[in-house]
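As provided, coords-v9.cif (mmCIF, C-alpha atoms) reads as follows.
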```cif
data_final
loop_
_atom_site.label_atom_id
_atom_site.label_comp_id
_atom_site.auth_asym_id
_atom_site.auth_seq_id
_atom_site.Cartn_x
_atom_site.Cartn_y
_atom_site.Cartn_z
CA MET Y 154 -3.72 35.04 -15.49
CA GLY Y 155 -3.56 33.94 -11.92
CA VAL Y 156 -2.30 30.77 -10.40
CA ARG Y 157 -3.21 27.15 -10.94
CA ILE Y 158 -2.71 24.99 -7.90
CA GLU Y 159 -2.24 21.26 -7.65
CA LEU Y 160 -2.12 19.09 -4.60
CA GLY Y 161 0.42 16.27 -4.63
CA ARG Y 162 0.32 13.25 -2.39
CA ARG Y 163 2.65 10.26 -2.12
CA TYR Y 164 1.67 6.70 -1.34
CA ARG Y 165 3.72 3.56 -1.05
CA PHE Y 166 3.06 -0.05 -1.88
CA ALA Y 167 5.14 -3.16 -2.29
CA ALA Y 168 4.28 -5.53 -5.11
CA SER Y 169 5.85 -8.17 -7.28
CA HIS Y 170 5.78 -8.55 -11.01
CA ARG Y 171 7.27 -10.51 -13.85
CA LEU Y 172 7.89 -8.94 -17.22
CA HIS Y 173 6.99 -11.57 -19.75
CA THR Y 174 4.60 -11.85 -22.66
CA ASP Y 175 3.23 -14.83 -24.54
CA ARG Y 176 3.49 -12.74 -27.71
CA LEU Y 177 7.26 -13.29 -27.68
CA SER Y 178 9.33 -16.47 -27.63
CA GLU Y 179 11.22 -17.40 -24.47
CA GLU Y 180 14.46 -16.21 -26.08
CA GLU Y 181 12.89 -12.90 -27.07
CA ASN Y 182 11.41 -12.44 -23.59
CA ALA Y 183 14.84 -13.02 -22.09
CA ARG Y 184 16.42 -10.58 -24.52
CA VAL Y 185 13.84 -7.81 -24.03
CA PHE Y 186 13.18 -8.12 -20.31
CA GLY Y 187 16.46 -9.58 -19.05
CA LYS Y 188 16.33 -10.69 -15.44
CA CYS Y 189 12.91 -9.05 -15.07
CA ALA Y 190 11.62 -12.10 -16.99
CA ASN Y 191 12.79 -14.55 -14.31
CA PRO Y 192 9.95 -17.04 -13.88
CA TYR Y 193 9.04 -16.41 -10.23
CA GLY Y 194 8.93 -12.63 -10.46
CA HIS Y 195 10.55 -10.06 -8.20
CA GLY Y 196 9.42 -7.18 -6.05
CA HIS Y 197 9.61 -3.41 -5.83
CA ASN Y 198 8.79 -0.83 -3.21
CA TYR Y 199 6.73 1.43 -5.44
CA VAL Y 200 6.09 5.08 -4.68
CA LEU Y 201 2.93 6.51 -6.20
CA GLU Y 202 2.56 10.27 -6.58
CA VAL Y 203 -0.95 11.54 -7.28
CA SER Y 204 -1.58 15.15 -8.40
CA VAL Y 205 -5.04 16.70 -8.36
CA SER Y 206 -6.18 20.21 -9.20
CA GLY Y 207 -9.24 22.32 -8.47
CA ASN Y 208 -10.39 25.45 -6.75
CA VAL Y 209 -9.07 26.08 -3.29
CA ASP Y 210 -12.20 26.24 -1.12
CA PRO Y 211 -12.05 29.62 0.64
CA ALA Y 212 -13.58 28.13 3.79
CA THR Y 213 -11.15 25.22 4.18
CA GLY Y 214 -8.13 26.40 2.19
CA MET Y 215 -8.07 23.00 0.51
CA ILE Y 216 -8.42 21.66 -3.03
CA ALA Y 217 -9.64 18.37 -1.63
CA ASN Y 218 -9.89 16.89 1.80
CA LEU Y 219 -6.75 14.81 2.20
CA ALA Y 220 -8.46 12.16 4.26
CA GLU Y 221 -10.96 11.62 1.43
CA LEU Y 222 -8.19 11.43 -1.17
CA ASP Y 223 -6.28 8.98 1.01
CA ARG Y 224 -9.33 6.75 1.49
CA PHE Y 225 -10.05 6.80 -2.26
CA VAL Y 226 -6.49 5.88 -3.27
CA GLU Y 227 -6.35 3.25 -0.55
CA ARG Y 228 -9.58 1.66 -1.75
CA GLU Y 229 -8.96 1.90 -5.50
CA VAL Y 230 -5.27 1.05 -5.65
CA ILE Y 231 -3.36 0.26 -2.48
CA GLU Y 232 -5.65 -2.46 -1.08
CA GLU Y 233 -5.48 -4.48 -4.27
CA PHE Y 234 -1.82 -3.85 -5.15
CA ASP Y 235 0.06 -3.77 -1.86
CA HIS Y 236 1.84 -7.05 -1.09
CA HIS Y 237 0.33 -8.69 -4.13
CA SER Y 238 1.57 -10.07 -7.41
CA LEU Y 239 0.56 -7.65 -10.15
CA ASN Y 240 0.55 -10.45 -12.72
CA GLU Y 241 -1.51 -12.91 -10.70
CA ASP Y 242 -3.72 -10.74 -8.52
CA VAL Y 243 -4.68 -7.75 -10.69
CA ALA Y 244 -7.06 -8.62 -13.51
CA ALA Y 245 -5.80 -5.79 -15.74
CA PHE Y 246 -2.39 -7.48 -15.97
CA ARG Y 247 -3.59 -10.95 -16.98
CA ASP Y 248 -2.67 -10.18 -20.59
CA VAL Y 249 -0.80 -6.92 -20.23
CA VAL Y 250 2.84 -6.77 -19.14
CA PRO Y 251 2.97 -5.01 -15.75
CA THR Y 252 5.71 -2.57 -16.66
CA THR Y 253 5.61 0.66 -14.71
CA GLU Y 254 4.34 2.40 -17.86
CA ASN Y 255 1.30 0.14 -17.88
CA LEU Y 256 0.99 0.43 -14.11
CA CYS Y 257 0.71 4.23 -14.46
CA ILE Y 258 -2.08 3.86 -17.01
CA GLU Y 259 -3.98 1.37 -14.86
CA ILE Y 260 -3.67 3.55 -11.76
CA PHE Y 261 -4.73 6.68 -13.66
CA GLU Y 262 -7.83 4.88 -14.95
CA ARG Y 263 -8.70 3.78 -11.41
CA LEU Y 264 -8.25 7.24 -9.89
CA LYS Y 265 -9.68 9.52 -12.56
CA SER Y 266 -13.18 9.27 -11.11
CA PHE Y 267 -12.11 10.92 -7.83
CA PRO Y 268 -15.17 13.08 -7.25
CA ARG Y 269 -13.63 15.98 -5.31
CA ALA Y 270 -10.91 17.23 -7.68
CA LYS Y 271 -9.51 16.72 -11.15
CA LEU Y 272 -6.84 14.07 -11.48
CA GLU Y 273 -3.92 15.75 -13.29
CA ARG Y 274 -1.38 12.95 -13.39
CA VAL Y 275 0.08 9.97 -11.64
CA ARG Y 276 3.77 9.31 -11.31
CA VAL Y 277 5.07 5.92 -10.25
CA GLN Y 278 8.59 5.45 -9.01
CA GLU Y 279 9.72 1.87 -9.39
CA THR Y 280 13.17 2.44 -7.93
CA ALA Y 281 15.07 5.52 -6.85
CA ASN Y 282 16.41 5.70 -10.41
CA ASN Y 283 13.37 5.26 -12.58
CA SER Y 284 9.90 6.70 -12.63
CA PHE Y 285 7.04 7.06 -15.09
CA GLU Y 286 4.21 9.54 -15.46
CA TYR Y 287 0.81 9.43 -17.12
CA ASP Y 288 -1.64 12.30 -17.48
CA GLY Y 289 -4.44 10.53 -19.31
CA ASN Y 290 -3.22 11.68 -22.71
CA GLN Y 291 -4.51 9.12 -25.21
CA LYS Y 292 -1.19 9.03 -27.03
CA GLY Y 293 0.25 7.17 -24.08
CA LYS Y 294 -2.63 4.78 -23.82
CA ARG Y 295 -2.03 1.13 -24.45
CA THR Y 296 -3.78 -0.55 -27.34
CA MET R 45 -12.65 18.35 8.72
CA PHE R 46 -9.11 19.16 9.88
CA GLY R 47 -8.51 16.41 12.46
CA LYS R 48 -5.47 16.91 14.64
CA CYS R 49 -4.35 19.80 12.41
CA ASN R 50 -7.05 21.74 14.28
CA ASN R 51 -5.42 21.39 17.74
CA PRO R 52 -5.67 24.82 19.41
CA HIS R 53 -1.99 25.61 19.89
CA GLY R 54 -0.96 24.68 16.37
CA HIS R 55 1.79 22.38 15.18
CA GLY R 56 4.87 22.71 13.03
CA HIS R 57 6.37 21.42 9.82
CA ASN R 58 9.78 21.49 8.26
CA TYR R 59 8.61 22.92 4.98
CA ARG R 60 10.71 22.55 1.88
CA LEU R 61 10.32 24.98 -0.99
CA GLU R 62 11.30 24.24 -4.59
CA VAL R 63 11.27 27.17 -7.01
CA THR R 64 11.63 26.66 -10.76
CA VAL R 65 12.37 29.58 -13.09
CA ALA R 66 12.17 29.12 -16.85
CA GLY R 67 13.68 31.20 -19.63
CA GLU R 68 16.40 31.51 -22.24
CA PRO R 69 19.94 31.33 -20.91
CA ASP R 70 21.68 34.70 -21.23
CA PRO R 71 24.12 34.43 -24.20
CA VAL R 72 26.96 35.91 -22.14
CA THR R 73 26.52 34.29 -18.73
CA GLY R 74 24.76 31.10 -19.82
CA MET R 75 22.29 31.61 -16.98
CA VAL R 76 18.51 31.95 -16.96
CA LEU R 77 18.95 34.10 -13.91
CA ASP R 78 21.71 34.67 -11.42
CA LEU R 79 21.32 32.11 -8.63
CA LYS R 80 22.65 34.59 -6.09
CA GLU R 81 19.87 36.96 -6.99
CA LEU R 82 17.26 34.21 -6.68
CA LYS R 83 18.69 33.28 -3.31
CA GLU R 84 18.41 36.88 -2.11
CA ILE R 85 14.82 37.11 -3.33
CA LEU R 86 13.91 33.88 -1.54
CA GLN R 87 15.62 35.01 1.62
CA ARG R 88 13.90 38.39 1.62
CA GLU R 89 10.43 37.40 0.43
CA VAL R 90 9.98 33.98 2.00
CA MET R 91 12.51 33.12 4.69
CA GLN R 92 12.36 36.41 6.57
CA ARG R 93 8.57 36.35 6.52
CA MET R 94 7.93 32.70 7.30
CA ASP R 95 10.90 30.84 8.76
CA HIS R 96 10.33 30.03 12.45
CA ARG R 97 7.12 32.06 12.41
CA PHE R 98 3.63 31.18 13.52
CA LEU R 99 1.94 31.24 10.12
CA ASN R 100 -1.55 31.95 11.47
CA TYR R 101 -0.52 35.10 13.33
CA GLU R 102 2.75 36.46 12.02
CA VAL R 103 2.44 36.44 8.24
CA ALA R 104 0.32 39.34 7.00
CA GLU R 105 -0.27 37.74 3.59
CA LEU R 106 -1.95 34.77 5.26
CA LYS R 107 -4.35 36.88 7.36
CA GLY R 108 -7.85 35.56 6.96
CA LYS R 109 -6.64 32.40 5.24
CA ILE R 110 -6.17 28.92 6.63
CA PRO R 111 -2.44 28.14 6.27
CA THR R 112 -2.90 24.96 4.28
CA CYS R 113 -0.11 23.88 1.98
CA GLU R 114 -2.19 25.10 -1.00
CA ASN R 115 -2.68 28.59 0.46
CA ILE R 116 0.93 29.02 1.59
CA ALA R 117 2.20 27.93 -1.82
CA GLN R 118 -0.07 30.47 -3.51
CA VAL R 119 1.10 33.27 -1.20
CA ILE R 120 4.71 32.36 -2.00
CA TRP R 121 3.94 32.39 -5.73
CA GLU R 122 2.37 35.85 -5.43
CA LEU R 123 5.35 37.16 -3.45
CA LEU R 124 7.95 35.78 -5.86
CA ASP R 125 6.31 36.30 -9.25
CA PRO R 126 6.69 40.13 -9.40
CA LYS R 127 10.27 39.98 -8.07
CA ILE R 128 11.65 37.63 -10.69
CA LYS R 129 12.63 39.87 -13.58
CA GLN R 130 14.95 37.55 -15.46
CA GLY R 131 13.20 34.46 -16.73
CA ARG R 132 9.71 33.66 -15.54
CA LEU R 133 8.54 31.88 -12.47
CA HIS R 134 7.50 28.45 -13.73
CA ARG R 135 6.62 26.45 -10.64
CA VAL R 136 6.48 26.81 -6.90
CA ARG R 137 6.41 23.48 -5.09
CA LEU R 138 5.95 23.54 -1.35
CA TYR R 139 6.46 20.32 0.59
CA GLU R 140 4.69 20.19 3.92
CA SER R 141 6.09 16.70 4.46
CA ALA R 142 7.82 14.17 2.23
CA ASP R 143 4.38 12.84 1.24
CA LEU R 144 2.37 16.03 0.80
CA PHE R 145 3.02 19.02 -1.42
CA ALA R 146 1.29 21.76 -3.39
CA ASP R 147 2.35 22.96 -6.85
CA CYS R 148 1.57 26.39 -8.32
CA TYR R 149 1.78 27.14 -12.03
CA ARG R 150 0.87 30.20 -14.06
CA ASN R 151 -2.72 29.81 -15.14
CA GLY R 152 -2.88 28.72 -18.75
CA ALA R 153 0.68 27.36 -18.76
CA ALA R 154 1.22 23.65 -19.22
CA GLY R 155 2.27 21.70 -16.13
#
```
What does the file become when written as structure tokens?
Amino acid sequence: MGVRIELGRRYRFAASHRLHTDRLSEEENARVFGKCANPYGHGHNYVLEVSVSGNVDPATGMIANLAELDRFVEREVIEEFDHHSLNEDVAAFRDVVPTTENLCIEIFERLKSFPRAKLERVRVQETANNSFEYDGNQKGKRT
Amino acid sequence: MFGKCNNPHGHGHNYRLEVTVAGEPDPVTGMVLDLKELKEILQREVMQRMDHRFLNYEVAELKGKIPTCENIAQVIWELLDPKIKQGRLHRVRLYESADLFADCYRNGAAG
């Protein structure tokens, strides 16, 4: 027994995307993605929630030094995503539709090597009304 | 290590505490536990101890510990867990700010 503790931290970035795939016809793209398939894309103010777990260091009272976590997330995700087009500027989305589901997977993959604590999950809020989570479980992994 | 959080005279936060209790709803009342009872427990165990207090000096359970969000959340878990008799404490989430929080779960239970 005992308690398991996670540290949660929120980050924000603004990015644009277009939901469209060459695997579908233009009509099918329009049907599946609706106005999200508009040719010039559109933007969101994303909120990224990162949860890590580990032992609380008795000397510092911390699971991980926040400044280190912030620098890591900034370097691995925010710098490349913030104020960019996910489709055009992030290599992972050249051939993968940048839905928020896929965004979660990409962010998890980028953050899982954080050396100071175990990455438990990432949650990405696309708008106030929809959010997605990924915990590295292979079942959710794209093929 | 602690930056401006280490300033000698301390600093404050408007903490926000989220408590989640899990269990089967009582067949008669339809409740996992009576909210009034939970409110009383929270008032007695957490608010009276911590609200408007200097956490470093005035909270016995935090003696010898640095009052990080992780440590305060764990103290709150340990205060609440034995008091919740109906249902089981599932999660304690303590927000130090809108962008920083700590979650406590029972060890071995899925998040």
Show me, as a PyMOL selection string, the residues that have an atom within 9 Å of region 189-203 of chain Y when counting all atoms listed in the file, minus same-chain residues fewer than 5 positions from it.
(chain Y and resi 160-173+182-183+226+238+240+257+261+264+272-280+284) or (chain R and resi 143)
Fewer than 3 positions away in the same chain doesn't count, so skip those; otherwise give me all residues within 10 Å of region 100-108 of chain R, counting only C-alpha atoms, as a list in words.
Pro211 and Ala212 of chain Y; Gly54, Arg93, Met94, His96, Arg97, Pro111, Thr112, Asn115, Ile116, Gln118, Val119, Ile120, Glu122 and Leu123 of chain R
Which of R:Gly131, R:Gly152, R:Gly56, R:Pro126 sits closest to Leu79 (chain R) [using all atoms listed in the file]:
R:Gly131
Suppose you want the space between CA of Arg263 (chain Y) and CA of Arg137 (chain R); what is it in Å?
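Straight-line distance from CA of Arg263 (chain Y) to CA of Arg137 (chain R) works out to 25.6 Å.
Using only C-alpha atoms, the shortest contact distance between Leu86 (chain R) and any of R:Tyr59, R:Val72, R:Leu124, R:Asn51 is found at R:Leu124.
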Starting from the displayed file, determine the output of the PyMOL selection byres ((chain R) within 12 of (chain Y)) and express the residue list as a PyMOL selection string.
chain R and resi 45-50+106+108-122+125+133-155
Do you have the CA of Met75 (chain R)-CA of Arg132 (chain R) distance handy?
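CA of Met75 (chain R) sits 12.8 Å away from CA of Arg132 (chain R).
CA of Phe186 (chain Y) is positioned 27.5 Å from CA of Glu232 (chain Y).
Proximity of R:Ile128, R:Leu99, R:Ala66, R:Leu61 to Glu81 (chain R), computed with all atoms listed in the file, is greatest for R:Ile128.
Among the candidates Y:Arg224, Y:Arg247, Y:Arg269, Y:Arg176, the one nearest to Gly207 (chain Y) when counting all atoms listed in the file is Y:Arg269.
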Using all atoms listed in the file and a cutoff of 12 Å, can you tell me which residues are near (-11.8, 4.0, -14.4) in the file's coordinates, and write them out as a ChimeraX atom specification?
/Y:229-230,245,258-267,272,289
What does the file look like for those residues with C-alpha atoms, as a PDB file, in the frame of the given file?
```pdb
ATOM      1  CA  GLU Y 229      -8.960   1.900  -5.500  1.00  0.00           C
ATOM      2  CA  VAL Y 230      -5.270   1.050  -5.650  1.00  0.00           C
ATOM      3  CA  ALA Y 245      -5.800  -5.790 -15.740  1.00  0.00           C
ATOM      4  CA  ILE Y 258      -2.080   3.860 -17.010  1.00  0.00           C
ATOM      5  CA  GLU Y 259      -3.980   1.370 -14.860  1.00  0.00           C
ATOM      6  CA  ILE Y 260      -3.670   3.550 -11.760  1.00  0.00           C
ATOM      7  CA  PHE Y 261      -4.730   6.680 -13.660  1.00  0.00           C
ATOM      8  CA  GLU Y 262      -7.830   4.880 -14.950  1.00  0.00           C
ATOM      9  CA  ARG Y 263      -8.700   3.780 -11.410  1.00  0.00           C
ATOM     10  CA  LEU Y 264      -8.250   7.240  -9.890  1.00  0.00           C
ATOM     11  CA  LYS Y 265      -9.680   9.520 -12.560  1.00  0.00           C
ATOM     12  CA  SER Y 266     -13.180   9.270 -11.110  1.00  0.00           C
ATOM     13  CA  PHE Y 267     -12.110  10.920  -7.830  1.00  0.00           C
ATOM     14  CA  LEU Y 272      -6.840  14.070 -11.480  1.00  0.00           C
ATOM     15  CA  GLY Y 289      -4.440  10.530 -19.310  1.00  0.00           C
TER      16      GLY Y 289
END
```
Could you rebuild region 112-137 of chain R with N, CA, C and O atoms and give me the result as a compact mmCIF listing (two decimals), in the frame of the given file?
```
# COMPACT_ATOMS: atom_id res chain seq x y z
N THR R 112 -3.10 26.27 4.89
CA THR R 112 -2.90 24.96 4.28
C THR R 112 -1.72 25.06 3.32
O THR R 112 -1.30 26.16 2.92
N CYS R 113 -1.23 23.91 2.92
CA CYS R 113 -0.11 23.88 1.98
C CYS R 113 -0.50 24.62 0.69
O CYS R 113 0.31 25.38 0.13
N GLU R 114 -1.73 24.44 0.22
CA GLU R 114 -2.19 25.10 -1.00
C GLU R 114 -2.11 26.62 -0.85
O GLU R 114 -1.61 27.32 -1.73
N ASN R 115 -2.63 27.14 0.27
CA ASN R 115 -2.68 28.59 0.46
C ASN R 115 -1.28 29.18 0.66
O ASN R 115 -0.99 30.26 0.15
N ILE R 116 -0.43 28.49 1.38
CA ILE R 116 0.93 29.02 1.59
C ILE R 116 1.68 29.04 0.26
O ILE R 116 2.37 30.02 -0.07
N ALA R 117 1.52 27.99 -0.52
CA ALA R 117 2.20 27.93 -1.82
C ALA R 117 1.74 29.09 -2.70
O ALA R 117 2.55 29.73 -3.38
N GLN R 118 0.44 29.38 -2.67
CA GLN R 118 -0.07 30.47 -3.51
C GLN R 118 0.46 31.82 -3.03
O GLN R 118 0.83 32.67 -3.86
N VAL R 119 0.54 32.02 -1.73
CA VAL R 119 1.10 33.27 -1.20
C VAL R 119 2.57 33.40 -1.65
O VAL R 119 3.00 34.47 -2.08
N ILE R 120 3.30 32.31 -1.58
CA ILE R 120 4.71 32.36 -2.00
C ILE R 120 4.81 32.69 -3.49
O ILE R 120 5.62 33.52 -3.91
N TRP R 121 3.95 32.07 -4.29
CA TRP R 121 3.94 32.39 -5.73
C TRP R 121 3.71 33.89 -5.92
O TRP R 121 4.43 34.55 -6.67
N GLU R 122 2.71 34.44 -5.23
CA GLU R 122 2.37 35.85 -5.43
C GLU R 122 3.46 36.79 -4.92
O GLU R 122 3.63 37.89 -5.44
N LEU R 123 4.22 36.35 -3.92
CA LEU R 123 5.35 37.16 -3.45
C LEU R 123 6.51 37.12 -4.44
O LEU R 123 7.17 38.13 -4.70
N LEU R 124 6.76 35.95 -5.02
CA LEU R 124 7.95 35.78 -5.86
C LEU R 124 7.74 36.29 -7.29
O LEU R 124 8.65 36.86 -7.89
N ASP R 125 6.53 36.06 -7.82
CA ASP R 125 6.31 36.30 -9.25
C ASP R 125 6.73 37.72 -9.68
O ASP R 125 7.47 37.87 -10.65
N PRO R 126 6.29 38.78 -8.94
CA PRO R 126 6.69 40.13 -9.40
C PRO R 126 8.17 40.44 -9.19
O PRO R 126 8.68 41.39 -9.78
N LYS R 127 8.86 39.67 -8.37
CA LYS R 127 10.27 39.98 -8.07
C LYS R 127 11.23 39.33 -9.05
O LYS R 127 12.40 39.69 -9.10
N ILE R 128 10.75 38.33 -9.78
CA ILE R 128 11.65 37.63 -10.69
C ILE R 128 11.58 38.30 -12.05
O ILE R 128 10.58 38.19 -12.77
N LYS R 129 12.63 39.04 -12.36
CA LYS R 129 12.63 39.87 -13.58
C LYS R 129 13.32 39.15 -14.73
O LYS R 129 13.04 39.42 -15.89
N GLN R 130 14.27 38.32 -14.41
CA GLN R 130 14.95 37.55 -15.46
C GLN R 130 14.33 36.18 -15.49
O GLN R 130 14.24 35.51 -14.45
N GLY R 131 13.93 35.72 -16.66
CA GLY R 131 13.20 34.46 -16.73
C GLY R 131 11.80 34.67 -16.16
O GLY R 131 11.42 35.79 -15.81
N ARG R 132 11.06 33.58 -16.09
CA ARG R 132 9.71 33.66 -15.54
C ARG R 132 9.54 32.56 -14.52
O ARG R 132 10.02 31.44 -14.71
N LEU R 133 8.83 32.90 -13.47
CA LEU R 133 8.54 31.88 -12.47
C LEU R 133 7.72 30.78 -13.14
O LEU R 133 6.69 31.06 -13.77
N HIS R 134 8.20 29.56 -13.06
CA HIS R 134 7.50 28.45 -13.73
C HIS R 134 6.69 27.62 -12.74
O HIS R 134 5.55 27.28 -12.99
N ARG R 135 7.32 27.29 -11.62
CA ARG R 135 6.62 26.45 -10.64
C ARG R 135 7.09 26.76 -9.24
O ARG R 135 8.28 26.97 -9.01
N VAL R 136 6.15 26.79 -8.32
CA VAL R 136 6.48 26.81 -6.90
C VAL R 136 5.96 25.50 -6.33
O VAL R 136 4.77 25.19 -6.49
N ARG R 137 6.84 24.71 -5.75
CA ARG R 137 6.41 23.48 -5.09
C ARG R 137 6.75 23.58 -3.62
O ARG R 137 7.92 23.77 -3.26
```
